[in-house]
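Engineer: Handing over entry_7.txt, compact mmCIF, C-alpha atoms and all ligand atoms.
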```
# COMPACT_ATOMS: atom_id res chain seq x y z
CA MET A 812 67.93 -105.11 -27.30
CA ALA A 813 71.42 -106.50 -28.10
CA THR A 814 71.49 -110.18 -29.08
CA ARG A 815 74.04 -112.86 -29.81
CA GLN A 816 73.95 -115.97 -31.99
CA TYR A 817 75.40 -119.21 -30.67
CA TRP A 818 75.51 -122.93 -31.47
CA ARG A 819 73.63 -125.04 -28.92
CA LEU A 820 74.40 -128.73 -28.31
CA ASP A 821 70.98 -130.42 -28.43
CA ALA A 822 71.99 -134.09 -28.69
CA ARG A 823 75.11 -136.29 -28.67
CA PRO A 824 76.15 -136.49 -32.35
CA ILE A 825 76.35 -139.81 -34.14
CA GLU A 826 79.66 -140.00 -36.04
CA HIS A 827 79.86 -136.76 -38.07
CA ASP A 828 76.16 -135.94 -38.20
CA TYR A 829 76.47 -132.52 -36.55
CA ALA A 830 73.41 -131.00 -38.23
CA ASN A 831 71.11 -133.20 -36.14
CA ALA A 832 72.96 -132.49 -32.89
CA LEU A 833 73.54 -128.72 -32.89
CA SER A 834 71.34 -125.74 -33.72
CA LEU A 835 71.98 -122.03 -34.20
CA GLN A 836 70.19 -119.96 -31.57
CA THR A 837 69.64 -116.27 -30.85
CA GLU A 838 69.45 -114.87 -27.31
CA GLU A 839 69.61 -111.57 -25.49
CA LEU A 840 73.13 -110.30 -24.84
CA ALA A 841 73.31 -109.02 -21.27
CA PRO A 842 76.16 -106.70 -20.19
CA PRO A 843 79.04 -108.54 -18.48
CA ALA A 844 78.72 -109.16 -14.72
CA ASP A 845 81.40 -107.84 -12.37
CA GLY A 846 84.81 -109.32 -13.20
CA HIS A 847 83.67 -110.56 -16.61
CA VAL A 848 84.55 -109.57 -20.17
CA GLN A 849 82.43 -109.70 -23.32
CA VAL A 850 84.19 -110.40 -26.61
CA ALA A 851 82.86 -110.00 -30.16
CA ALA A 852 84.41 -112.91 -32.05
CA GLN A 853 86.27 -112.37 -35.34
CA TYR A 854 87.41 -115.99 -35.70
CA LEU A 855 86.49 -119.33 -34.14
CA SER A 856 88.96 -122.19 -33.85
CA MET A 857 87.85 -125.67 -34.85
CA ASP A 858 89.55 -128.24 -32.59
CA PRO A 859 89.12 -132.04 -32.70
CA GLY A 860 89.27 -132.24 -28.89
CA VAL A 861 85.84 -130.62 -28.57
CA ARG A 862 84.40 -133.68 -30.37
CA VAL A 863 85.17 -135.66 -27.19
CA TRP A 864 83.27 -133.07 -25.10
CA MET A 865 80.23 -133.66 -27.36
CA THR A 866 80.12 -137.32 -26.24
CA ALA A 867 78.91 -138.56 -22.85
CA ARG A 868 82.42 -139.69 -21.83
CA GLU A 869 83.16 -138.87 -18.19
CA ASP A 870 86.81 -139.99 -18.32
CA GLY A 871 88.22 -137.23 -20.54
CA TYR A 872 90.33 -134.26 -19.38
CA SER A 873 87.21 -132.10 -19.65
CA PRO A 874 83.64 -133.10 -18.71
CA PRO A 875 80.96 -133.57 -21.39
CA ILE A 876 79.13 -130.41 -22.46
CA PRO A 877 75.61 -130.70 -20.98
CA LEU A 878 72.85 -130.96 -23.59
CA GLY A 879 71.02 -127.68 -24.09
CA GLU A 880 74.14 -125.58 -23.46
CA ALA A 881 76.29 -123.52 -25.82
CA MET A 882 79.02 -125.36 -27.70
CA GLN A 883 82.44 -124.51 -26.31
CA GLY A 884 85.55 -123.50 -28.22
CA GLN A 885 88.27 -120.92 -28.75
CA PHE A 886 87.72 -117.44 -30.18
CA ILE A 887 89.82 -114.50 -31.32
CA GLY A 888 88.04 -111.17 -31.14
CA ARG A 889 87.83 -107.70 -29.67
CA VAL A 890 86.55 -106.82 -26.22
CA SER A 891 83.08 -105.36 -26.75
CA ALA A 892 82.30 -104.62 -23.07
CA SER A 893 84.37 -105.07 -19.92
CA ALA A 894 83.66 -105.21 -16.20
CA HIS A 895 87.24 -106.32 -15.42
CA PRO A 896 90.05 -103.84 -14.64
CA ASP A 897 92.66 -105.65 -16.79
CA PHE A 898 90.69 -105.61 -20.07
CA LYS A 899 89.56 -102.57 -22.07
CA GLU A 900 87.02 -102.26 -24.85
CA GLY A 901 88.62 -102.75 -28.27
CA GLU A 902 91.54 -104.94 -27.15
CA LEU A 903 92.39 -107.95 -29.32
CA VAL A 904 92.12 -111.16 -27.26
CA ARG A 905 91.96 -114.96 -27.51
CA GLY A 906 90.24 -117.28 -25.09
CA PHE A 907 87.88 -120.20 -24.51
CA GLY A 908 84.22 -119.36 -24.85
CA HIS A 909 81.49 -120.43 -27.20
CA TRP A 910 80.91 -121.14 -30.89
CA ALA A 911 79.14 -117.78 -30.96
CA SER A 912 79.14 -114.20 -32.21
CA HIS A 913 79.91 -113.06 -28.65
CA SER A 914 81.27 -114.81 -25.55
CA THR A 915 81.08 -113.38 -22.05
CA VAL A 916 83.82 -114.91 -19.92
CA ASP A 917 85.68 -114.89 -16.63
CA PRO A 918 89.22 -114.09 -17.90
CA ALA A 919 90.96 -116.54 -15.55
CA LEU A 920 88.70 -119.48 -16.46
CA ALA A 921 88.75 -118.62 -20.17
CA GLY A 922 92.53 -118.18 -20.36
CA LEU A 923 91.80 -114.76 -21.86
CA THR A 924 95.04 -113.54 -23.46
CA LYS A 925 95.81 -110.15 -25.02
CA LEU A 926 97.32 -110.64 -28.47
CA ASP A 927 100.17 -108.85 -30.23
CA GLU A 928 98.64 -106.51 -32.82
CA ASP A 929 101.86 -106.47 -34.85
CA VAL A 930 101.22 -109.93 -36.31
CA ALA A 931 99.87 -108.90 -39.72
CA ASP A 932 97.63 -111.96 -40.06
CA THR A 933 95.60 -112.06 -36.84
CA ARG A 934 94.55 -115.64 -37.63
CA GLN A 935 98.07 -116.85 -36.85
CA HIS A 936 97.18 -116.39 -33.16
CA PHE A 937 95.35 -119.65 -33.72
CA GLY A 938 97.54 -122.42 -35.13
CA VAL A 939 101.21 -121.46 -35.46
CA LEU A 940 101.23 -118.87 -32.64
CA GLY A 941 98.31 -120.32 -30.72
CA LEU A 942 97.28 -123.50 -28.93
CA ASN A 943 98.39 -125.80 -31.77
CA GLY A 944 101.87 -124.28 -32.06
CA GLU A 945 102.33 -124.16 -28.30
CA THR A 946 101.18 -127.78 -27.96
CA ALA A 947 103.67 -128.92 -30.62
CA MET A 948 106.46 -126.97 -28.91
CA CYS A 949 105.56 -128.24 -25.46
CA GLY A 950 105.27 -131.82 -26.70
CA LEU A 951 108.53 -131.96 -28.62
CA THR A 952 110.69 -130.02 -26.17
CA ASP A 953 109.46 -130.53 -22.59
CA VAL A 954 107.55 -133.81 -22.89
CA LEU A 955 109.67 -135.66 -25.48
CA GLU A 956 113.00 -133.86 -24.91
CA LEU A 957 113.82 -133.81 -28.61
CA LYS A 958 117.50 -133.61 -29.53
CA GLU A 959 119.22 -132.42 -32.70
CA GLY A 960 119.85 -135.20 -35.21
CA GLU A 961 117.01 -137.47 -34.06
CA THR A 962 114.44 -139.02 -36.41
CA VAL A 963 110.92 -137.74 -35.74
CA LEU A 964 107.62 -139.14 -36.99
CA VAL A 965 104.46 -136.98 -36.97
CA SER A 966 100.91 -138.18 -37.74
CA ALA A 967 98.16 -135.83 -39.05
CA ALA A 968 101.29 -134.01 -40.23
CA ALA A 969 99.49 -131.60 -42.58
CA GLY A 970 97.05 -130.49 -39.88
CA ALA A 971 97.36 -127.50 -37.55
CA THR A 972 99.35 -129.16 -34.77
CA GLY A 973 101.21 -131.68 -36.92
CA SER A 974 102.46 -129.11 -39.43
CA VAL A 975 103.97 -127.03 -36.62
CA ALA A 976 105.51 -130.15 -35.04
CA CYS A 977 107.15 -131.00 -38.39
CA GLN A 978 108.61 -127.50 -38.73
CA ILE A 979 109.86 -127.35 -35.14
CA ALA A 980 111.61 -130.71 -35.58
CA ARG A 981 113.12 -129.51 -38.87
CA ASN A 982 114.25 -126.24 -37.24
CA MET A 983 115.89 -128.27 -34.46
CA GLY A 984 117.99 -130.21 -36.98
CA CYS A 985 116.02 -133.45 -36.97
CA LYS A 986 115.05 -135.81 -39.77
CA VAL A 987 111.26 -135.55 -40.18
CA ILE A 988 108.75 -138.08 -41.51
CA GLY A 989 105.14 -136.97 -41.84
CA ILE A 990 101.99 -139.08 -42.31
CA ALA A 991 98.94 -137.52 -43.99
CA GLY A 992 95.84 -138.65 -45.86
CA ALA A 993 96.24 -137.08 -49.34
CA ASP A 994 98.91 -136.65 -52.03
CA ASP A 995 98.56 -132.85 -52.10
CA LYS A 996 99.10 -132.76 -48.31
CA CYS A 997 102.23 -134.92 -48.71
CA ALA A 998 103.53 -132.62 -51.48
CA TRP A 999 102.97 -129.57 -49.23
CA LEU A 1000 104.90 -131.26 -46.42
CA THR A 1001 107.96 -132.10 -48.52
CA GLN A 1002 107.99 -129.11 -50.89
CA GLU A 1003 106.92 -126.27 -48.58
CA LEU A 1004 107.68 -127.41 -45.04
CA GLY A 1005 110.97 -129.24 -45.63
CA VAL A 1006 109.75 -132.61 -44.36
CA ASP A 1007 112.19 -135.33 -45.48
CA THR A 1008 109.62 -138.02 -46.28
CA ALA A 1009 105.81 -137.91 -46.41
CA ILE A 1010 103.64 -141.04 -46.35
CA ASN A 1011 100.05 -141.11 -47.60
CA TYR A 1012 98.40 -143.59 -45.20
CA LYS A 1013 95.42 -143.99 -47.53
CA THR A 1014 97.47 -145.23 -50.50
CA GLN A 1015 100.71 -146.57 -48.99
CA ASN A 1016 101.55 -149.31 -46.50
CA VAL A 1017 102.71 -147.21 -43.55
CA ALA A 1018 104.44 -150.04 -41.65
CA GLU A 1019 106.42 -151.02 -44.77
CA GLU A 1020 107.45 -147.42 -45.42
CA LEU A 1021 108.50 -146.90 -41.79
CA ALA A 1022 110.54 -150.12 -41.85
CA LYS A 1023 112.81 -148.45 -44.45
CA ILE A 1024 113.96 -145.77 -41.97
CA GLU A 1025 117.56 -146.47 -41.09
CA GLY A 1026 118.04 -146.56 -37.31
CA GLY A 1027 114.31 -146.44 -36.60
CA ILE A 1028 112.15 -143.65 -35.15
CA ASN A 1029 113.49 -141.91 -32.05
CA VAL A 1030 110.45 -139.73 -31.40
CA TYR A 1031 106.83 -140.19 -32.49
CA PHE A 1032 104.46 -137.20 -32.15
CA GLU A 1033 101.10 -138.97 -32.26
CA ASN A 1034 97.88 -137.18 -33.23
CA VAL A 1035 95.81 -140.06 -34.56
CA GLY A 1036 96.12 -143.49 -32.83
CA GLY A 1037 94.60 -146.72 -34.17
CA ASP A 1038 96.37 -148.37 -37.12
CA LEU A 1039 99.03 -145.65 -37.35
CA LEU A 1040 100.19 -146.25 -33.78
CA ASP A 1041 100.40 -149.98 -34.54
CA ALA A 1042 102.42 -149.26 -37.69
CA ALA A 1043 104.86 -147.08 -35.73
CA LEU A 1044 105.43 -149.27 -32.66
CA PRO A 1045 107.54 -152.03 -34.31
CA ASN A 1046 109.54 -149.37 -36.17
CA MET A 1047 110.60 -147.37 -33.13
CA ALA A 1048 114.31 -147.21 -32.27
CA LEU A 1049 115.51 -148.74 -29.01
CA TYR A 1050 114.56 -146.40 -26.12
CA GLY A 1051 112.31 -144.40 -28.46
CA ARG A 1052 109.79 -141.89 -27.03
CA ILE A 1053 106.16 -141.51 -28.06
CA GLY A 1054 104.12 -138.42 -27.16
CA ILE A 1055 100.36 -138.93 -27.32
CA CYS A 1056 99.08 -135.50 -28.32
CA GLY A 1057 95.82 -136.73 -29.83
CA LEU A 1058 93.91 -139.91 -30.72
CA ILE A 1059 91.47 -138.56 -33.27
CA THR A 1060 90.47 -142.04 -34.51
CA GLY A 1061 88.58 -142.56 -31.23
CA TYR A 1062 86.95 -139.15 -30.73
CA THR A 1063 83.47 -140.11 -31.95
CA SER A 1064 83.37 -143.12 -29.61
CA ASP A 1065 81.77 -143.16 -26.16
CA SER A 1066 84.38 -145.62 -24.92
CA GLY A 1067 87.63 -144.17 -26.31
CA ASN A 1068 90.43 -145.93 -28.18
CA PRO A 1069 91.33 -149.58 -27.70
CA GLY A 1070 94.95 -150.21 -26.71
CA PRO A 1071 97.50 -150.79 -29.48
CA ALA A 1072 97.77 -154.35 -30.81
CA ARG A 1073 101.59 -154.02 -30.78
CA PHE A 1074 101.72 -153.16 -27.05
CA ASP A 1075 104.51 -155.78 -26.78
CA GLN A 1076 106.90 -153.40 -28.56
CA ILE A 1077 106.95 -151.13 -25.48
CA LEU A 1078 108.90 -153.88 -23.74
CA MET A 1079 110.87 -155.13 -26.72
CA LYS A 1080 112.12 -151.60 -27.59
CA ARG A 1081 112.04 -150.24 -23.99
CA LEU A 1082 109.85 -147.36 -25.13
CA THR A 1083 108.56 -144.42 -23.12
CA ILE A 1084 105.01 -143.21 -23.84
CA LYS A 1085 103.74 -139.94 -22.37
CA GLY A 1086 100.62 -137.81 -22.75
CA ILE A 1087 100.99 -134.21 -23.98
CA PHE A 1088 98.71 -131.64 -22.35
CA LEU A 1089 99.67 -128.00 -22.77
CA PRO A 1090 97.84 -126.54 -19.70
CA ASP A 1091 100.05 -128.64 -17.37
CA TYR A 1092 103.10 -126.79 -18.64
CA LEU A 1093 101.50 -123.35 -18.78
CA ALA A 1094 100.68 -123.79 -15.08
CA GLN A 1095 104.42 -124.27 -14.52
CA GLY A 1096 105.02 -120.85 -16.12
CA LYS A 1097 106.35 -122.21 -19.43
CA ASN A 1098 106.30 -119.74 -22.32
CA TYR A 1099 106.25 -121.30 -25.78
CA TYR A 1100 105.09 -118.16 -27.61
CA ALA A 1101 108.50 -116.44 -27.68
CA PRO A 1102 110.44 -119.14 -29.61
CA LEU A 1103 107.49 -119.72 -31.97
CA ARG A 1104 107.22 -115.99 -32.66
CA LYS A 1105 110.95 -115.77 -33.38
CA TRP A 1106 110.77 -118.59 -35.96
CA TYR A 1107 107.59 -117.07 -37.40
CA ASP A 1108 109.22 -113.64 -37.83
CA GLU A 1109 112.25 -115.30 -39.45
CA GLY A 1110 110.01 -117.13 -41.94
CA ARG A 1111 110.94 -120.51 -40.46
CA LEU A 1112 107.41 -121.31 -39.32
CA VAL A 1113 104.48 -121.01 -41.69
CA GLY A 1114 100.80 -121.66 -41.15
CA GLU A 1115 98.12 -122.47 -43.71
CA PHE A 1116 94.39 -121.95 -43.12
CA ASP A 1117 91.26 -123.79 -44.10
CA GLN A 1118 88.79 -120.92 -43.62
CA THR A 1119 85.01 -121.04 -43.73
CA ASP A 1120 83.12 -117.74 -43.66
CA GLY A 1121 80.01 -117.15 -41.53
CA LEU A 1122 78.93 -118.43 -38.11
CA GLU A 1123 76.02 -120.19 -39.83
CA ASN A 1124 78.56 -122.40 -41.69
CA THR A 1125 80.44 -123.55 -38.55
CA LEU A 1126 79.25 -127.16 -38.83
CA ASN A 1127 80.70 -127.40 -42.37
CA ALA A 1128 84.05 -126.22 -41.04
CA PHE A 1129 83.98 -128.72 -38.17
CA THR A 1130 83.05 -131.55 -40.54
CA ARG A 1131 85.98 -130.61 -42.82
CA LEU A 1132 88.31 -130.88 -39.81
CA MET A 1133 86.94 -134.21 -38.58
CA THR A 1134 86.99 -135.82 -42.03
CA GLY A 1135 90.49 -134.69 -43.01
CA LYS A 1136 89.54 -132.21 -45.76
CA ASN A 1137 91.87 -129.57 -44.31
CA THR A 1138 95.49 -128.59 -44.83
CA GLY A 1139 96.55 -126.44 -41.88
CA LYS A 1140 94.32 -124.75 -39.31
CA VAL A 1141 90.53 -124.92 -39.64
CA ILE A 1142 88.84 -121.66 -38.66
CA VAL A 1143 85.53 -119.89 -39.05
CA ALA A 1144 85.62 -116.17 -39.89
CA LEU A 1145 82.68 -114.13 -38.62
N1 LIG B 1 96.92 -132.57 -26.14
C1 LIG B 1 96.66 -131.32 -26.45
O1 LIG B 1 96.83 -130.43 -25.62
C2 LIG B 1 96.19 -131.02 -27.84
C3 LIG B 1 96.07 -129.71 -28.32
C4 LIG B 1 95.71 -129.49 -29.65
C5 LIG B 1 95.44 -130.57 -30.48
N2 LIG B 1 95.54 -131.83 -29.98
C6 LIG B 1 95.29 -133.00 -30.83
O2 LIG B 1 96.10 -132.92 -31.98
C7 LIG B 1 95.46 -133.61 -33.05
C8 LIG B 1 95.40 -132.68 -34.25
O3 LIG B 1 94.56 -131.58 -33.94
P1 LIG B 1 94.51 -130.32 -34.89
O4 LIG B 1 93.67 -129.31 -34.22
O5 LIG B 1 95.88 -129.96 -35.28
O6 LIG B 1 93.69 -130.88 -36.13
P2 LIG B 1 94.22 -131.10 -37.60
O7 LIG B 1 95.41 -131.99 -37.56
O8 LIG B 1 94.34 -129.79 -38.28
O9 LIG B 1 93.00 -131.86 -38.27
C9 LIG B 1 92.73 -133.18 -37.96
C10 LIG B 1 93.45 -134.11 -38.96
O10 LIG B 1 93.40 -135.43 -38.45
C11 LIG B 1 93.43 -136.32 -39.53
N3 LIG B 1 92.38 -137.33 -39.30
C12 LIG B 1 91.10 -137.15 -39.09
N4 LIG B 1 90.46 -138.32 -38.90
C13 LIG B 1 91.37 -139.25 -39.02
C14 LIG B 1 91.33 -140.64 -38.94
N5 LIG B 1 90.21 -141.31 -38.66
N6 LIG B 1 92.47 -141.29 -39.13
C15 LIG B 1 93.60 -140.61 -39.37
N7 LIG B 1 93.70 -139.28 -39.42
C16 LIG B 1 92.59 -138.61 -39.26
C17 LIG B 1 93.11 -135.58 -40.81
O11 LIG B 1 94.27 -135.49 -41.63
P3 LIG B 1 94.74 -136.73 -42.55
O12 LIG B 1 93.75 -137.82 -42.40
O13 LIG B 1 94.79 -136.20 -43.94
O14 LIG B 1 96.10 -137.03 -42.04
C18 LIG B 1 92.74 -134.19 -40.32
O15 LIG B 1 93.19 -133.18 -41.18
C19 LIG B 1 94.09 -134.03 -32.54
O16 LIG B 1 94.15 -135.37 -32.15
C20 LIG B 1 93.89 -133.12 -31.36
O17 LIG B 1 93.00 -133.64 -30.41
C21 LIG B 1 95.90 -132.06 -28.69
```
Can the structure from this file be put into structure tokens for me?
Ligand SMILES: NC(=O)c1ccc[n+]([C@@H]2O[C@H](COP(=O)([O-])OP(=O)(O)OC[C@H]3O[C@@H](n4cnc5c(N)ncnc54)[C@H](OP(=O)(O)O)[C@@H]3O)[C@@H](O)[C@H]2O)c1

Structural biologist:
Amino acid sequence: MATRQYWRLDARPIEHDYANALSLQTEELAPPADGHVQVAAQYLSMDPGVRVWMTAREDGYSPPIPLGEAMQGQFIGRVSASAHPDFKEGELVRGFGHWASHSTVDPALAGLTKLDEDVADTRQHFGVLGLNGETAMCGLTDVLELKEGETVLVSAAAGATGSVACQIARNMGCKVIGIAGADDKCAWLTQELGVDTAINYKTQNVAEELAKIEGGINVYFENVGGDLLDAALPNMALYGRIGICGLITGYTSDSGNPGPARFDQILMKRLTIKGIFLPDYLAQGKNYYAPLRKWYDEGRLVGEFDQTDGLENTLNAFTRLMTGKNTGKVIVAL
């Protein structure tokens, strides 16, 4: 009898205590039903957004994962069995399924995508060429309408999404300021990614550093929220734009993030604040892969990985992500 291993959500986690909320299970692996595809995962993507789905919050963009069900997330893998005419056994694909050795999915619901095999490092289909890269591209171009010569601020700048946002802004001829939580992350940003200034929010006064930017910040790509948003607001340029891509400071909470204390600056600086949500733009037929791939092939877009090996170590990988231990994309290799 074929089996699969998967992580089951047993309880709503408290802060970052994942070991008492999830357990590794084994179950029978049935063949895919008509119209479905079964994928053997090679890599799992660790994404902060799934932390919100672990809570009981009903007001997110996705409902809470019911207790007793498999933990959801993105995979890259090969089709191991198919009952769908568009997918063949052995094809390399990415989609939304489970934190599991195998996921059996409806391709339309899972966003199942065939991947280019000519990318030497398959892992880049997460991160730079995947959801994080596409989100950064969508946010900076279509949501924030970034223009050459503008000053761009990025928080969680050394993470998967932030590091791509920094490089896109640099490639578009902008001045880039990145905020991260460690000196080695800041050094990577300035020395490897061409970021103009990096600020360590754990050792520096962010508001004071941002106040030194001549002309202020035109565009803020926000991944974090909380104190960093309050540090940025008074230092925005007149008519500045803020894209809320993520608010990781509030993801463990059942009630979300409180509003910024410097809300007044939206009026004083006549700011525009918009949410960034990639699926809205994909539904409009937008294709962000092509420009990302071009920059990647030219060596103008690089992606680092924070890789953990073994499905059984998934919770360590997720904890690394949620506590800022990572530089670049956090993945689990199976
Ligand atoms: N809207 C969308 O469609 C979409 C899609 C993908 C991702 N996102 C969002 O983008 C953000 C980044 O996601 P990612 O996958 O690229 O993860 P990531 O940036 O690779 O990892 C998360 C980073 O957040 C920072 N962080 C964690 N807790 C923090 C805290 N309490 N205060 C400040 N910073 C904290 C850490 O870096 P440092 O502390 O060292 O800076 C950590 O490395 C998340 O908010 C995520 O939800 C949104």

Engineer: Can you work out the spacing between CA of Gly1057 (chain A) and atom N3 of ligand LIG 1 (chain B) in Å, to one decimal?

Structural biologist: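 So the two atoms, CA of Gly1057 (chain A) and atom N3 of ligand LIG 1 (chain B), lie 10.1 Å apart.
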
Engineer: I need the residue nearest ligand LIG 1 (chain B) from this list: A:Arg868, A:Arg1111, A:Arg934, A:His827. Use only C-alpha atoms and all ligand atoms for the distance.

Structural biologist: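 With only C-alpha atoms and all ligand atoms as the atom set, the closest residue is A:His827.
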
Engineer: Of the residues A:Gly908, A:Gly1086, A:Gly944, A:Gly888, which is the one nearest to Leu1103 (chain A), using only C-alpha atoms?

Structural biologist: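 For Leu1103 (chain A), the nearest of the candidates is A:Gly944.
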
Engineer: Quick one: what's the axis-aligned box for ligand LIG 1 (chain B), all listed atoms, 4 Å on every side, centre and edges in Å to one decimal, as lines of an AutoDock Vina configuration file?

Structural biologist:
```
center_x = 93.6
center_y = -135.3
center_z = -34.8
size_x = 14.7
size_y = 20.0
size_z = 26.3
```

Engineer: Please produce, as a Markdown table, a per-residue contact table for chain A versus ligand LIG 1 (chain B) (criterion: any atom at most 7 Å away, all atoms listed in the file considered), showing the nearest atom pair and its distance in Å to one decimal, sorted by chain then residue number.

Structural biologist:
```
| residue | atom | partner | partner_atom | distance |
| --- | --- | --- | --- | --- |
| A:Met857 | CA | B:LIG1 | O4 | 6.9 |
| A:Asp858 | CA | B:LIG1 | O4 | 4.6 |
| A:Pro859 | CA | B:LIG1 | O17 | 4.8 |
| A:Gly860 | CA | B:LIG1 | O17 | 4.3 |
| A:Leu942 | CA | B:LIG1 | C4 | 6.2 |
| A:Asn943 | CA | B:LIG1 | C4 | 5.0 |
| A:Thr946 | CA | B:LIG1 | C3 | 5.5 |
| A:Ser966 | CA | B:LIG1 | O14 | 6.6 |
| A:Ala967 | CA | B:LIG1 | O14 | 3.8 |
| A:Ala968 | CA | B:LIG1 | O14 | 6.3 |
| A:Ala969 | CA | B:LIG1 | O14 | 6.4 |
| A:Gly970 | CA | B:LIG1 | O7 | 3.2 |
| A:Ala971 | CA | B:LIG1 | O5 | 3.7 |
| A:Thr972 | CA | B:LIG1 | O5 | 3.6 |
| A:Gly973 | CA | B:LIG1 | O5 | 5.8 |
| A:Ile990 | CA | B:LIG1 | O14 | 6.2 |
| A:Ala991 | CA | B:LIG1 | O14 | 3.5 |
| A:Gly992 | CA | B:LIG1 | O13 | 3.3 |
| A:Ala993 | CA | B:LIG1 | O13 | 5.7 |
| A:Asn1034 | CA | B:LIG1 | O16 | 4.3 |
| A:Val1035 | CA | B:LIG1 | C15 | 5.3 |
| A:Cys1056 | CA | B:LIG1 | N1 | 4.2 |
| A:Gly1057 | CA | B:LIG1 | O16 | 3.2 |
| A:Leu1058 | CA | B:LIG1 | O16 | 4.8 |
| A:Ile1059 | CA | B:LIG1 | O16 | 4.3 |
| A:Thr1060 | CA | B:LIG1 | N5 | 4.2 |
| A:Ile1087 | CA | B:LIG1 | N1 | 4.9 |
| A:Phe1088 | CA | B:LIG1 | O1 | 4.0 |
| A:Leu1089 | CA | B:LIG1 | O1 | 4.7 |
| A:Leu1132 | CA | B:LIG1 | O9 | 5.0 |
| A:Met1133 | CA | B:LIG1 | C12 | 5.1 |
| A:Thr1134 | CA | B:LIG1 | C12 | 5.2 |
| A:Gly1135 | CA | B:LIG1 | C17 | 3.5 |
| A:Lys1136 | CA | B:LIG1 | O15 | 5.9 |
| A:Asn1137 | CA | B:LIG1 | O15 | 5.0 |
| A:Thr1138 | CA | B:LIG1 | O15 | 6.3 |
| A:Gly1139 | CA | B:LIG1 | O8 | 5.4 |
| A:Lys1140 | CA | B:LIG1 | O8 | 5.1 |
| A:Val1141 | CA | B:LIG1 | O8 | 6.3 |
```

Engineer: Rounded to one decimal place, report the CA of His913 (chain A)-CA of Glu880 (chain A) distance in Å.

Structural biologist: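 We find that CA of His913 (chain A) and CA of Glu880 (chain A) lie 14.7 Å from each other.
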
Engineer: Smallest atom-to-atom distance to Asp821 (chain A): which of A:Thr1008, A:Gln1118, A:Asn1124, A:Gln836, using all atoms listed in the file?

Structural biologist: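 Result for the nearest residue to Asp821 (chain A): A:Gln836.
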
Engineer: By how many Å are CA of Leu940 (chain A) and CA of Glu961 (chain A) apart?

Structural biologist: 24.4 Å

Engineer: List as a PyMOL selection string the protein and nucleic acid residues near Ser1064 (chain A), meaning an atom at most 12 Å away when only C-alpha atoms are counted, but skip any in the same chain fewer than 6 places from it.

Structural biologist: chain A and resi 823-827+862-868+871+1058

Engineer: Those residues with C-alpha atoms, as a PDB file, in the coordinates of the input please?

Structural biologist:
```pdb
ATOM      1  CA  ARG A 823      75.110-136.290 -28.670  1.00  0.00           C
ATOM      2  CA  PRO A 824      76.150-136.490 -32.350  1.00  0.00           C
ATOM      3  CA  ILE A 825      76.350-139.810 -34.140  1.00  0.00           C
ATOM      4  CA  GLU A 826      79.660-140.000 -36.040  1.00  0.00           C
ATOM      5  CA  HIS A 827      79.860-136.760 -38.070  1.00  0.00           C
ATOM      6  CA  ARG A 862      84.400-133.680 -30.370  1.00  0.00           C
ATOM      7  CA  VAL A 863      85.170-135.660 -27.190  1.00  0.00           C
ATOM      8  CA  TRP A 864      83.270-133.070 -25.100  1.00  0.00           C
ATOM      9  CA  MET A 865      80.230-133.660 -27.360  1.00  0.00           C
ATOM     10  CA  THR A 866      80.120-137.320 -26.240  1.00  0.00           C
ATOM     11  CA  ALA A 867      78.910-138.560 -22.850  1.00  0.00           C
ATOM     12  CA  ARG A 868      82.420-139.690 -21.830  1.00  0.00           C
ATOM     13  CA  GLY A 871      88.220-137.230 -20.540  1.00  0.00           C
ATOM     14  CA  LEU A1058      93.910-139.910 -30.720  1.00  0.00           C
TER      15      LEU A1058
END
```

Engineer: Taking all atoms listed in the file into account, name the residue in A:Ser893, A:Thr915, A:Ser834, A:Thr814 that is nearest to Leu878 (chain A).

Structural biologist: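 Smallest separation from Leu878 (chain A) among the options: A:Ser834.
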
Engineer: Between A:Glu1115, A:Glu956, A:Asp927, A:Glu1019, which residue has the minimum interatomic distance to Leu1039 (chain A), considering all atoms listed in the file?

Structural biologist: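 Using all atoms listed in the file, the shortest distance to Leu1039 (chain A) belongs to A:Glu1019.
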
Engineer: Using all atoms listed in the file, which residues sit within 7 Å of region 1069-1083 of chain A once same-chain residues fewer than 3 positions away are excluded, as a compact mmCIF listing (two decimals) with C-alpha atoms, keeping the file's coordinate frame?

Structural biologist:
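Below you can see part-v3.txt, which holds the result:
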```
# COMPACT_ATOMS: atom_id res chain seq x y z
CA GLY A 1037 94.60 -146.72 -34.17
CA LEU A 1040 100.19 -146.25 -33.78
CA ASP A 1041 100.40 -149.98 -34.54
CA LEU A 1044 105.43 -149.27 -32.66
CA PRO A 1045 107.54 -152.03 -34.31
CA ALA A 1048 114.31 -147.21 -32.27
CA LEU A 1049 115.51 -148.74 -29.01
CA TYR A 1050 114.56 -146.40 -26.12
CA GLY A 1051 112.31 -144.40 -28.46
CA ARG A 1052 109.79 -141.89 -27.03
CA ILE A 1053 106.16 -141.51 -28.06
```

Engineer: Do a neighbour search on Thr1119 (chain A) at 7 Å with all atoms listed in the file, toss out local chain neighbours closer than 6 positions, and write the hits as a compact mmCIF listing (two decimals) with C-alpha atoms, keeping the file's coordinate frame.

Structural biologist:
```
# COMPACT_ATOMS: atom_id res chain seq x y z
CA ALA A 1128 84.05 -126.22 -41.04
CA ILE A 1142 88.84 -121.66 -38.66
CA VAL A 1143 85.53 -119.89 -39.05
CA ALA A 1144 85.62 -116.17 -39.89
```

Engineer: Please provide the set of residues having any atom within 8 Å of Leu1000 (chain A), restricted to all atoms listed in the file, with same-chain residues fewer than 4 positions apart removed, written as a CSV table (one decimal) with C-alpha atoms, in the coordinates of the input.

Structural biologist:
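The resulting file, around.csv, is reproduced below:
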```csv
chain,number,residue,atom,x,y,z
A,968,ALA,CA,101.3,-134.0,-40.2
A,969,ALA,CA,99.5,-131.6,-42.6
A,974,SER,CA,102.5,-129.1,-39.4
A,989,GLY,CA,105.1,-137.0,-41.8
A,996,LYS,CA,99.1,-132.8,-48.3
A,1004,LEU,CA,107.7,-127.4,-45.0
A,1005,GLY,CA,111.0,-129.2,-45.6
A,1006,VAL,CA,109.8,-132.6,-44.4
A,1009,ALA,CA,105.8,-137.9,-46.4
```
